[in-house]
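A.B. asks: Mind looking over this structure? Questions follow.
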Amino acid sequence: MKNILLLFTIVFAVIGCQSKVEKISKETVVAVQPFEGFEKSYADTVQMALANLYGIQVKVLDEMKIPAYTFINVKSPRYRADSLISFLKKNKSYDDYDHVIGLIKQDISCTKYADFGTRTIKEPEYKYKDWGIFGLGYCPGKSCIVSSYRLLKSTSKENFMERLKKVSCHEMGHNFGLPHCPNKKCIMQDAAETIKTVDDVQLFLCADCRKKIGG
């Protein structure tokens, strides 16, 4: 029962959301970087979702190998989400793009602190050394990562595709500098610990979030 609970108590994760928000426009260009084995049609779906929601340019790149050093096996075989977004951020191949979103089919994780991803002064000790997540993104920042692994659990293909679009748009919103939003319908809805939150949220930006980034 404990393992089942851990499987579904997963969160949107974000690294250090600050007050700086990027003003996006039709000139903003995002690269979609699928890692090996990620289905092309899924990447294309993410491309369209990002372009439609944010009104930006989005390009799907050829798939690439997963950096071997990001692999860990603490509770189960996974890839460190923080290592992956750091890799994407520092890779010179993406210098011509404003942001890059990595897509991976394997499970990803991060260390869970009190605020779902970032060490704080008030609570420096982590709660879980290896915590499975849907996605992770710098806020604001260059890169984010989304895994399809947990989004496929106990659902139809149609709903899986909706989950993938929502999580991808959510993490990219963090890259633009958007923090979690209290509006229960907004794609940037505050993090919660059940997959039901992903299914219930709508694929749109509330007026407050839209105003912050423009677009």
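Lettering and numbering for the structure tokens are positional, with chains as A, B, ... in the shown order, residues counted from 1 in each chain, and ligands counted from 1 in the shown order.
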Give me, as a PyMOL selection string, the residues of chain A that a backbone DSSP run labels strand (DSSP E or B).

C.D. replies: chain A and resi 12-15+24+29-35+57-60+64+71-73+77-80+99-104+108-112+128-133+135-138+143-147+181+189+214

A.B. asks: Which residues of segment 67-177 of chain A have any atom within 6 Å of an atom in segment 33-42 of chain A when counting only C-alpha atoms, and what is the closest pair of atoms for each, with the distance in Å to one decimal? Order the rows by chain and rising number and write it as a tab-separated table.

C.D. replies:
residue	atom	partner	partner_atom	distance
A:Ile101	CA	A:Gln33	CA	6.0
A:Gly102	CA	A:Gln33	CA	4.7
A:Leu103	CA	A:Pro34	CA	4.6
A:Ile104	CA	A:Phe35	CA	5.3
A:Lys105	CA	A:Phe38	CA	5.5

A.B. asks: What lies within 9 Å of Pro77 of chain A using only C-alpha atoms, ignoring chain neighbours under 4 positions off, as a PyMOL selection string?

C.D. replies: chain A and resi 71-73+106-108

A.B. asks: Restricted to N, CA and C atoms, what would the selected residues look like written as a PDB file, in the first residue's frame?

C.D. replies:
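After the write, out.pdb holds the following:
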ATOM      1  N   PHE A  71      21.787   9.052 -14.250  1.00  0.00           N
ATOM      2  CA  PHE A  71      21.095   7.850 -13.779  1.00  0.00           C
ATOM      3  C   PHE A  71      21.405   7.575 -12.316  1.00  0.00           C
ATOM      4  N   ILE A  72      20.368   7.180 -11.558  1.00  0.00           N
ATOM      5  CA  ILE A  72      20.533   6.768 -10.169  1.00  0.00           C
ATOM      6  C   ILE A  72      19.664   5.542  -9.906  1.00  0.00           C
ATOM      7  N   ASN A  73      19.963   4.843  -8.825  1.00  0.00           N
ATOM      8  CA  ASN A  73      19.144   3.688  -8.453  1.00  0.00           C
ATOM      9  C   ASN A  73      19.080   3.622  -6.923  1.00  0.00           C
ATOM     10  N   GLN A 106      11.493   7.803 -19.359  1.00  0.00           N
ATOM     11  CA  GLN A 106      11.904   7.129 -18.131  1.00  0.00           C
ATOM     12  C   GLN A 106      11.478   7.935 -16.902  1.00  0.00           C
ATOM     13  N   ASP A 107      11.441   7.271 -15.758  1.00  0.00           N
ATOM     14  CA  ASP A 107      11.071   7.912 -14.508  1.00  0.00           C
ATOM     15  C   ASP A 107      12.151   8.911 -14.093  1.00  0.00           C
ATOM     16  N   ILE A 108      11.741  10.042 -13.520  1.00  0.00           N
ATOM     17  CA  ILE A 108      12.681  11.045 -13.036  1.00  0.00           C
ATOM     18  C   ILE A 108      12.387  11.374 -11.574  1.00  0.00           C
TER      19      ILE A 108
END
